[in-house]
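Printed here is structure-v2.txt (compact mmCIF, C-alpha atoms):
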```txt
# COMPACT_ATOMS: atom_id res chain seq x y z
CA MET A 1 -13.46 27.17 13.08
CA THR A 2 -15.79 24.51 11.68
CA ARG A 3 -13.90 21.85 9.77
CA CYS A 4 -15.62 20.23 6.77
CA THR A 5 -14.62 17.06 4.90
CA VAL A 6 -16.12 15.85 1.63
CA LEU A 7 -16.67 12.10 1.37
CA VAL A 8 -16.78 11.17 -2.33
CA LEU A 9 -18.38 7.78 -2.99
CA ALA A 10 -16.71 6.25 -6.05
CA GLY A 11 -17.13 2.53 -5.53
CA GLY A 12 -19.88 1.78 -8.05
CA VAL A 13 -19.60 -0.22 -11.26
CA GLY A 14 -21.99 1.85 -13.39
CA ALA A 15 -22.95 -1.01 -15.72
CA ARG A 16 -25.88 0.88 -17.29
CA VAL A 17 -23.51 3.43 -18.84
CA GLY A 18 -21.64 0.68 -20.71
CA GLY A 19 -18.00 0.69 -21.73
CA ASP A 20 -15.02 -1.12 -20.26
CA LEU A 21 -14.48 1.26 -17.32
CA PRO A 22 -16.59 2.19 -14.30
CA LYS A 23 -18.34 5.46 -15.19
CA GLN A 24 -16.44 7.49 -12.59
CA TYR A 25 -13.17 6.72 -14.41
CA ARG A 26 -14.36 7.34 -17.95
CA ALA A 27 -12.97 10.40 -19.69
CA LEU A 28 -15.25 13.42 -19.84
CA GLY A 29 -13.97 16.57 -21.50
CA GLY A 30 -10.39 15.32 -21.27
CA LYS A 31 -10.28 14.02 -17.70
CA PRO A 32 -12.02 11.30 -15.67
CA VAL A 33 -15.49 12.02 -14.27
CA LEU A 34 -14.09 11.54 -10.76
CA ARG A 35 -11.42 14.18 -11.37
CA HIS A 36 -14.09 16.73 -12.37
CA THR A 37 -15.90 16.00 -9.10
CA ILE A 38 -12.80 16.27 -6.93
CA ASP A 39 -11.63 19.46 -8.65
CA ALA A 40 -14.98 21.14 -7.97
CA PHE A 41 -14.70 20.55 -4.23
CA GLY A 42 -10.95 21.10 -4.10
CA SER A 43 -11.34 24.65 -5.42
CA HIS A 44 -13.94 25.62 -2.78
CA SER A 45 -12.57 27.59 0.17
CA GLY A 46 -15.01 26.01 2.64
CA ILE A 47 -13.72 22.47 2.09
CA ASP A 48 -10.82 21.36 4.30
CA SER A 49 -10.23 17.85 3.00
CA ILE A 50 -11.53 15.27 0.52
CA GLN A 51 -11.74 11.54 1.24
CA VAL A 52 -12.61 9.18 -1.60
CA VAL A 53 -14.19 5.75 -1.18
CA ILE A 54 -13.40 3.34 -4.04
CA GLY A 55 -14.04 -0.22 -5.17
CA VAL A 56 -11.58 -2.83 -3.92
CA ASP A 57 -10.30 -3.53 -7.44
CA ASP A 58 -10.04 0.08 -8.62
CA GLY A 59 -6.73 1.15 -7.07
CA ASP A 60 -4.88 1.66 -10.36
CA LEU A 61 -7.80 3.49 -11.98
CA TYR A 62 -8.08 5.76 -8.95
CA ALA A 63 -4.33 6.50 -8.87
CA SER A 64 -4.43 7.53 -12.52
CA ALA A 65 -7.54 9.69 -12.04
CA VAL A 66 -6.08 11.69 -9.13
CA ALA A 67 -2.46 11.85 -10.31
CA GLY A 68 -0.81 15.04 -9.09
CA LEU A 69 -3.33 15.71 -6.31
CA GLN A 70 -2.46 15.63 -2.62
CA LEU A 71 -5.21 13.41 -1.24
CA PRO A 72 -5.31 10.89 1.60
CA ALA A 73 -5.21 7.22 0.65
CA PRO A 74 -8.60 6.00 -0.56
CA VAL A 75 -10.92 3.89 1.57
CA HIS A 76 -12.37 0.65 0.21
CA GLY A 77 -16.14 0.67 0.08
CA GLY A 78 -18.74 -2.03 0.59
CA ALA A 79 -21.29 -3.88 -1.51
CA THR A 80 -23.92 -1.12 -1.23
CA ARG A 81 -23.93 2.66 -1.22
CA GLN A 82 -24.91 2.61 2.45
CA ALA A 83 -22.00 0.30 3.29
CA SER A 84 -19.56 2.52 1.38
CA GLY A 85 -20.79 5.63 3.17
CA ARG A 86 -20.42 3.87 6.52
CA ALA A 87 -16.88 2.74 5.63
CA GLY A 88 -15.86 6.29 4.80
CA LEU A 89 -17.39 7.73 7.97
CA GLU A 90 -15.77 5.12 10.20
CA HIS A 91 -12.40 5.89 8.58
CA LEU A 92 -12.82 9.60 9.30
CA ALA A 93 -13.85 8.82 12.88
CA ALA A 94 -10.65 6.83 13.37
CA THR A 95 -8.40 9.55 11.93
CA VAL A 96 -9.35 13.23 12.15
CA PRO A 97 -13.13 13.56 12.61
CA PRO A 98 -14.47 16.76 11.00
CA ASP A 99 -17.29 18.90 12.38
CA HIS A 100 -19.31 18.66 9.17
CA VAL A 101 -19.24 16.13 6.35
CA LEU A 102 -20.59 16.40 2.80
CA ILE A 103 -21.32 13.03 1.18
CA HIS A 104 -21.32 13.16 -2.61
CA ASP A 105 -21.75 10.77 -5.53
CA ALA A 106 -18.62 10.65 -7.69
CA ALA A 107 -20.83 10.43 -10.79
CA ARG A 108 -22.22 13.96 -10.25
CA PRO A 109 -19.34 15.92 -11.84
CA PHE A 110 -21.12 19.27 -12.33
CA ILE A 111 -21.46 20.35 -8.71
CA ASP A 112 -21.01 24.12 -8.45
CA HIS A 113 -19.75 26.36 -5.65
CA ALA A 114 -23.09 28.11 -5.16
CA LEU A 115 -24.83 24.81 -4.41
CA ILE A 116 -22.05 23.79 -2.01
CA ASP A 117 -22.48 27.15 -0.28
CA ARG A 118 -26.21 26.57 0.16
CA VAL A 119 -25.64 23.23 1.88
CA LEU A 120 -22.88 24.60 4.13
CA VAL A 121 -24.93 27.62 5.19
CA ALA A 122 -27.90 25.39 6.06
CA LEU A 123 -25.71 23.21 8.26
CA GLY A 124 -25.20 26.20 10.52
CA ASP A 125 -28.82 25.82 11.66
CA VAL A 126 -29.83 22.17 11.09
CA PRO A 127 -28.20 18.75 11.59
CA ALA A 128 -28.68 17.75 7.94
CA ALA A 129 -29.27 19.49 4.61
CA ILE A 130 -29.53 18.18 1.07
CA PRO A 131 -29.95 19.81 -2.34
CA ALA A 132 -33.11 18.86 -4.21
CA LEU A 133 -35.36 19.85 -7.10
CA PRO A 134 -39.17 19.76 -7.06
CA VAL A 135 -40.74 17.06 -9.24
CA ALA A 136 -42.20 18.74 -12.34
CA ASP A 137 -43.51 15.74 -14.29
CA THR A 138 -46.78 13.95 -13.68
CA LEU A 139 -46.05 10.70 -11.84
CA LYS A 140 -47.69 7.35 -12.59
CA ARG A 141 -47.66 4.13 -10.62
CA ALA A 142 -47.68 1.05 -12.85
CA ASP A 143 -47.96 -2.70 -12.49
CA GLY A 144 -47.64 -5.77 -14.69
CA ASN A 145 -45.41 -6.76 -17.60
CA PRO A 146 -45.73 -4.87 -19.88
CA PRO A 147 -46.54 -2.20 -17.28
CA ASN A 148 -49.94 -0.56 -17.15
CA VAL A 149 -50.85 2.61 -15.27
CA VAL A 150 -52.77 1.85 -12.07
CA GLU A 151 -52.57 5.23 -10.34
CA THR A 152 -51.60 8.86 -10.83
CA VAL A 153 -49.39 9.93 -7.93
CA GLU A 154 -49.76 13.43 -6.50
CA ARG A 155 -46.50 15.25 -7.19
CA ASN A 156 -47.01 18.17 -4.80
CA GLY A 157 -44.40 17.98 -2.06
CA LEU A 158 -42.16 15.51 -3.98
CA TRP A 159 -38.53 16.34 -4.67
CA HIS A 160 -35.58 14.84 -6.56
CA ALA A 161 -32.79 14.40 -4.00
CA GLN A 162 -29.24 15.24 -5.06
CA THR A 163 -25.82 15.33 -3.43
CA PRO A 164 -23.71 16.59 -1.71
CA GLN A 165 -25.77 15.76 1.35
CA GLY A 166 -24.44 17.64 4.36
CA PHE A 167 -24.46 16.53 7.99
CA ARG A 168 -23.02 17.24 11.35
CA PHE A 169 -20.44 14.49 11.47
CA ALA A 170 -21.21 12.99 14.87
CA ASP A 171 -24.92 12.83 14.04
CA ILE A 172 -24.60 11.03 10.70
CA LEU A 173 -21.99 8.61 12.05
CA GLU A 174 -24.32 7.60 14.87
CA ALA A 175 -27.22 7.36 12.39
CA HIS A 176 -25.24 5.03 10.11
CA ARG A 177 -24.32 2.80 13.01
CA ALA A 178 -27.97 2.64 14.06
CA ALA A 179 -29.04 1.78 10.49
CA ASP A 180 -26.73 -1.23 10.20
CA GLY A 181 -28.59 -3.97 8.34
CA CYS A 182 -31.06 -1.63 6.66
CA GLU A 183 -31.13 -1.08 2.91
CA LEU A 184 -31.41 2.69 2.54
CA THR A 185 -30.65 4.42 -0.75
CA ASP A 186 -29.03 7.64 0.43
CA ASP A 187 -27.60 9.26 3.53
CA ALA A 188 -30.64 11.49 4.01
CA ALA A 189 -32.68 8.32 4.42
CA VAL A 190 -30.17 7.10 7.01
CA ALA A 191 -30.53 10.42 8.84
CA GLY A 192 -34.33 10.24 8.68
CA HIS A 193 -34.26 6.66 10.01
CA ALA A 194 -32.44 8.02 13.07
CA GLY A 195 -35.00 10.79 13.54
CA LEU A 196 -32.78 13.63 12.32
CA SER A 197 -34.42 16.62 10.68
CA VAL A 198 -33.29 17.01 7.06
CA ALA A 199 -33.63 20.44 5.41
CA LEU A 200 -33.85 20.98 1.65
CA VAL A 201 -31.88 23.60 -0.26
CA ARG A 202 -32.21 24.42 -3.93
CA GLY A 203 -30.41 21.94 -6.18
CA SER A 204 -29.23 22.36 -9.77
CA GLU A 205 -30.45 20.91 -13.05
CA ASP A 206 -26.83 20.31 -14.09
CA ASN A 207 -26.07 18.41 -10.89
CA PHE A 208 -27.47 15.15 -12.26
CA LYS A 209 -26.06 11.70 -11.63
CA ILE A 210 -24.55 9.94 -14.65
CA THR A 211 -26.38 6.62 -14.74
CA THR A 212 -27.17 5.73 -18.37
CA ARG A 213 -25.61 6.16 -21.80
CA GLU A 214 -28.00 9.04 -22.40
CA ASP A 215 -26.76 10.70 -19.20
CA PHE A 216 -23.18 10.38 -20.38
CA ALA A 217 -24.07 11.94 -23.73
CA ARG A 218 -25.69 14.84 -21.85
CA ALA A 219 -22.59 15.17 -19.67
CA GLU A 220 -20.36 15.32 -22.73
CA TRP A 221 -22.55 18.06 -24.16
CA ILE A 222 -22.33 20.07 -20.91
CA ALA A 223 -18.59 19.58 -20.66
CA GLY A 224 -18.43 20.97 -24.17
CA SER A 225 -16.14 20.06 -27.00
CA ARG A 226 -12.57 21.05 -26.24
CA GLU A 227 -9.81 21.87 -28.65
CA MET A 228 -7.83 18.74 -29.50
CA ILE A 229 -4.10 18.71 -29.96
CA THR A 230 -1.96 15.95 -31.45
CA ARG A 231 1.06 14.87 -29.44
CA THR A 232 3.77 12.48 -30.63
CA GLY A 233 5.97 10.18 -28.59
CA THR A 234 8.90 8.02 -29.59
CA GLY A 235 10.24 4.75 -28.27
CA PHE A 236 13.34 2.64 -28.75
CA ASP A 237 14.27 -0.80 -27.46
CA VAL A 238 16.87 -3.49 -28.08
CA HIS A 239 17.12 -7.11 -26.94
CA ALA A 240 20.05 -9.48 -27.23
CA VAL A 241 19.74 -12.68 -29.22
CA GLY A 242 19.84 -15.90 -27.20
CA GLU A 243 18.59 -19.45 -27.27
CA GLY A 244 15.27 -20.30 -28.90
CA ASP A 245 13.53 -21.18 -32.14
CA HIS A 246 11.49 -18.02 -32.69
CA VAL A 247 11.27 -14.33 -31.84
CA MET A 248 8.19 -12.36 -30.80
CA LEU A 249 7.81 -9.26 -32.95
CA CYS A 250 4.73 -7.01 -32.94
CA GLY A 251 2.78 -9.68 -31.08
CA CYS A 252 3.57 -12.38 -33.66
CA PRO A 253 5.82 -15.45 -33.23
CA VAL A 254 8.33 -15.37 -36.09
CA PRO A 255 10.38 -18.54 -36.78
CA HIS A 256 14.11 -17.94 -36.27
CA GLU A 257 17.17 -19.97 -35.40
CA ARG A 258 17.58 -17.93 -32.20
CA GLY A 259 15.33 -16.26 -29.65
CA LEU A 260 15.45 -12.92 -27.83
CA VAL A 261 16.52 -12.48 -24.22
CA GLY A 262 14.23 -10.51 -21.92
CA HIS A 263 12.32 -10.53 -18.66
CA SER A 264 8.98 -10.71 -20.51
CA ASP A 265 8.51 -12.33 -23.92
CA ALA A 266 11.11 -9.81 -25.20
CA ASP A 267 8.91 -8.41 -27.98
CA VAL A 268 11.22 -5.53 -28.81
CA ALA A 269 8.75 -3.92 -31.23
CA LEU A 270 5.82 -3.84 -28.81
CA HIS A 271 8.14 -2.47 -26.14
CA ALA A 272 9.14 0.40 -28.42
CA ILE A 273 5.50 1.11 -29.32
CA THR A 274 4.52 1.06 -25.63
CA ASP A 275 7.19 3.64 -24.81
CA ALA A 276 6.08 5.77 -27.75
CA LEU A 277 2.47 5.80 -26.52
CA LEU A 278 3.52 6.56 -22.95
CA GLY A 279 5.69 9.37 -24.29
CA ALA A 280 2.82 10.89 -26.24
CA ILE A 281 0.75 11.24 -23.06
CA ALA A 282 3.76 12.09 -20.83
CA ALA A 283 3.19 9.02 -18.62
CA GLY A 284 6.76 7.84 -18.03
CA ASP A 285 8.25 4.75 -19.65
CA ILE A 286 7.61 1.04 -19.75
CA GLY A 287 10.05 0.37 -16.92
CA SER A 288 8.19 2.65 -14.51
CA HIS A 289 4.93 0.79 -15.12
CA PHE A 290 6.34 -2.73 -15.45
CA PRO A 291 9.72 -2.88 -13.67
CA PRO A 292 11.84 -5.91 -14.68
CA SER A 293 12.49 -6.51 -10.97
CA ASP A 294 8.81 -7.44 -10.54
CA LYS A 295 8.38 -11.21 -10.90
CA ARG A 296 4.79 -10.73 -12.10
CA TRP A 297 6.10 -9.73 -15.53
CA ARG A 298 8.47 -12.68 -16.03
CA ASN A 299 7.61 -14.23 -19.41
CA ALA A 300 4.54 -11.96 -19.62
CA PRO A 301 3.11 -11.26 -23.10
CA SER A 302 4.15 -7.79 -24.17
CA ARG A 303 0.65 -7.03 -25.45
CA THR A 304 -0.21 -6.57 -21.74
CA PHE A 305 2.13 -3.56 -21.62
CA LEU A 306 0.74 -2.03 -24.80
CA GLU A 307 -2.87 -2.54 -23.69
CA HIS A 308 -2.04 -0.70 -20.46
CA ALA A 309 -0.54 2.26 -22.32
CA ALA A 310 -3.57 2.42 -24.62
CA ALA A 311 -5.94 2.35 -21.62
CA LEU A 312 -4.07 5.28 -20.05
CA ALA A 313 -4.44 7.25 -23.27
CA ARG A 314 -8.19 6.55 -23.39
CA GLN A 315 -8.65 7.55 -19.75
CA ARG A 316 -7.23 10.96 -20.63
CA GLY A 317 -9.70 11.38 -23.47
CA GLY A 318 -7.09 10.48 -26.07
CA GLN A 319 -7.48 8.85 -29.47
CA ILE A 320 -4.58 7.01 -31.06
CA VAL A 321 -3.98 8.59 -34.47
CA ASN A 322 -1.28 6.28 -35.83
CA ILE A 323 1.62 3.97 -34.96
CA ASP A 324 4.85 3.69 -36.96
CA VAL A 325 7.41 1.07 -35.95
CA THR A 326 10.71 0.15 -37.61
CA ILE A 327 12.37 -3.18 -36.77
CA ILE A 328 16.17 -3.14 -37.13
CA CYS A 329 17.80 -6.50 -37.78
CA GLU A 330 19.68 -8.57 -40.37
CA SER A 331 17.32 -11.49 -39.82
CA PRO A 332 14.63 -12.75 -39.74
CA LYS A 333 12.98 -11.22 -42.77
CA ILE A 334 10.07 -9.02 -41.76
CA ASP A 335 8.20 -8.60 -45.04
CA PRO A 336 6.49 -12.04 -45.04
CA HIS A 337 5.00 -11.24 -41.63
CA ARG A 338 4.33 -7.52 -42.06
CA ASN A 339 0.55 -7.66 -42.49
CA ALA A 340 0.11 -10.15 -39.65
CA MET A 341 2.08 -7.78 -37.43
CA ARG A 342 -0.06 -4.82 -38.44
CA ARG A 343 -3.24 -6.79 -37.69
CA ALA A 344 -1.89 -7.85 -34.29
CA ILE A 345 -1.06 -4.27 -33.28
CA ALA A 346 -4.40 -3.00 -34.56
CA ASP A 347 -6.17 -5.67 -32.52
CA ILE A 348 -4.28 -4.80 -29.33
CA LEU A 349 -5.02 -1.08 -29.71
CA SER A 350 -8.56 -1.49 -31.09
CA ILE A 351 -7.86 0.81 -34.03
CA GLY A 352 -7.91 0.34 -37.79
CA ILE A 353 -5.04 -1.45 -39.51
CA ASP A 354 -4.74 1.56 -41.82
CA ARG A 355 -3.26 3.46 -38.86
CA ILE A 356 -0.46 0.95 -38.34
CA SER A 357 2.85 1.00 -40.22
CA VAL A 358 5.48 -1.72 -39.80
CA LYS A 359 8.81 -1.25 -41.54
CA ALA A 360 12.17 -2.98 -41.44
CA THR A 361 15.77 -2.04 -42.07
CA THR A 362 19.28 -3.35 -41.49
CA THR A 363 22.53 -1.74 -40.42
CA GLU A 364 24.38 -3.10 -43.48
CA ASN A 365 26.20 -5.68 -41.32
CA LEU A 366 27.63 -2.90 -39.13
CA GLY A 367 27.81 -3.04 -35.35
CA PHE A 368 26.21 -5.51 -32.93
CA LEU A 369 22.92 -5.38 -34.86
CA GLY A 370 24.74 -6.06 -38.12
CA ARG A 371 26.48 -9.04 -36.53
CA GLY A 372 23.11 -10.49 -35.51
CA GLU A 373 23.80 -10.14 -31.79
CA ALA A 374 20.53 -8.28 -31.11
CA ILE A 375 17.32 -6.95 -32.62
CA ALA A 376 16.17 -3.36 -32.09
CA ALA A 377 13.04 -1.38 -32.82
CA GLN A 378 12.12 2.27 -32.85
CA ALA A 379 8.57 3.57 -32.90
CA SER A 380 6.52 6.72 -32.96
CA ALA A 381 2.94 7.17 -31.78
CA SER A 382 0.60 10.10 -32.33
CA VAL A 383 -2.29 10.66 -29.93
CA SER A 384 -5.04 13.28 -30.19
CA LEU A 385 -5.73 14.70 -26.71
CA PRO A 386 -8.01 17.40 -25.33
CA GLU A 387 -6.05 20.60 -24.82
CA ALA A 388 -5.42 21.27 -21.15
```

What would the structure in this file look like if it were written as structure tokens?
Amino acid sequence: MTRCTVLVLAGGVGARVGGDLPKQYRALGGKPVLRHTIDAFGSHSGIDSIQVVIGVDDGDLYASAVAGLQLPAPVHGGATRQASGRAGLEHLAATVPPDHVLIHDAARPFIDHALIDRVLVALGDVPAAIPALPVADTLKRADGNPPNVVETVERNGLWHAQTPQGFRFADILEAHRAADGCELTDDAAVAGHAGLSVALVRGSEDNFKITTREDFARAEWIAGSREMITRTGTGFDVHAVGEGDHVMLCGCPVPHERGLVGHSDADVALHAITDALLGAIAAGDIGSHFPPSDKRWRNAPSRTFLEHAAALARQRGGQIVNIDVTIICESPKIDPHRNAMRRAIADILSIGIDRISVKATTTENLGFLGRGEAIAAQASASVSLPEA
């Protein structure tokens, strides 16, 4: 039987879309764009395996996007699309080479089974096949700044190329090796450079590549608004009192005759809030993400942990509704610092201060907290998430 692997190219930065994440990891309809793409191929009976090519710095983003899926380890791509495609093909050649390979842009999340079928069927007769749409608009060639029209270009016979682009594996691997040093914009161009015949099959209007902010808005419209549910998580933490002249609470240094003992800066309140956020999105606890055995987190600012939890919530399409934290101690007094603490938390989470509540209580001199041997905090976090 013919074995087919999909090579998903997910190494781009996607700067034109904007935002603080590469476009393939931004949430779309409740899950990352890349996850939409992988799920579409993973549910097709003609696909035997999926290999993803990622940016060298995107390991954590990738792991979060594909959590729960059984996929081979990602391959690191190159500086160009051509280099990333070559890296993926060479990896497949060194492991289990397939008979056919489909090469697809991660930022085309609306690939459908019918289009995949058309490419696979065509590969039974030709060495290469790509989906495409005929150009419908009148084309103009321009020059100058600002540009001025210098020519109307005949549109007959012109097509918009899409992906997945399908190839017989041995042919496209050899073509990529022969094109080393060229600057070609897609794998069909690599195939053509090697003299391979490339057939066209009908593409899809929805199978567009997310490139700009306007594209992302269109993608959100296609994905459709999903029912949102509010989930709540809770967190609790306690740290012993030790040497020092201040304690970190809610991201603020608070003068005190003693300090708090901890692997990081021991901000007990931010630790509790971090666990509450992770609980709301069912993403484990602070120790699983930042183990105290890891020397990287020694004396680290606890805002790093909370920023990570907030980023995970955003990647899943979540919006933080509110945070409520209670600090439990006999001293120091919290009230003089309450508003500064609320502002610090709001800044870390990039939400309004009106969604942050900081409270304080004592244990009426009872127990180790009442004796001033430790400070504790408990927190709750509510997150609005797309319903699965």

Check your understanding: Residues around (-27.5, 23.5, -0.1), cut-off 10 Å, counting all atoms listed in the file - what are they as a list in words?
Key ->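 Checking each residue against the 10 Å limit leaves His113, Ala114, Leu115, Ile116, Asp117, Arg118, Val119, Leu120, Val121, Ala122, Leu123, Ala128, Ala129, Ile130, Pro131, Ala132, Gln162, Thr163, Pro164, Gln165, Gly166, Ala199, Leu200, Val201, Arg202, Gly203 and Ser204 of chain A.
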
Point to revise | Who sits within 12 Å of Cys252 in chain A, all atoms listed in the file, same chain under 6 positions skipped, as a ChimeraX atom specification | key: /A:246,265-270,301-303,334,336-345,347-348

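The coordinates place CA of Gln378 in chain A at 18.8 Å from CA of Ser288 in chain A.
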
Point to revise | Which of A:Ala161, A:Val13, A:Leu133, A:Cys250 sits closest to Arg26 in chain A [using all atoms listed in the file] | key: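 For Arg26 in chain A, the nearest of the candidates is A:Val13.
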
Practice item. Would you be able to write out as an NGL selection string which residues have an atom within 8 Å of (-18.3, 3.6, -1.7) in the file's coordinates, counting only C-alpha atoms? Key: :A and (8-12 or 52-55 or 76-78 or 80-85 or 87-88)

Check your understanding: Skipping near chain neighbours, those fewer than 5 positions away, what residues fall within 6 Å of range 92-100 of chain A using only C-alpha atoms, listed as a list in words?
Key -> Thr2, Arg3, Cys4, Phe167, Arg168 and Phe169 of chain A
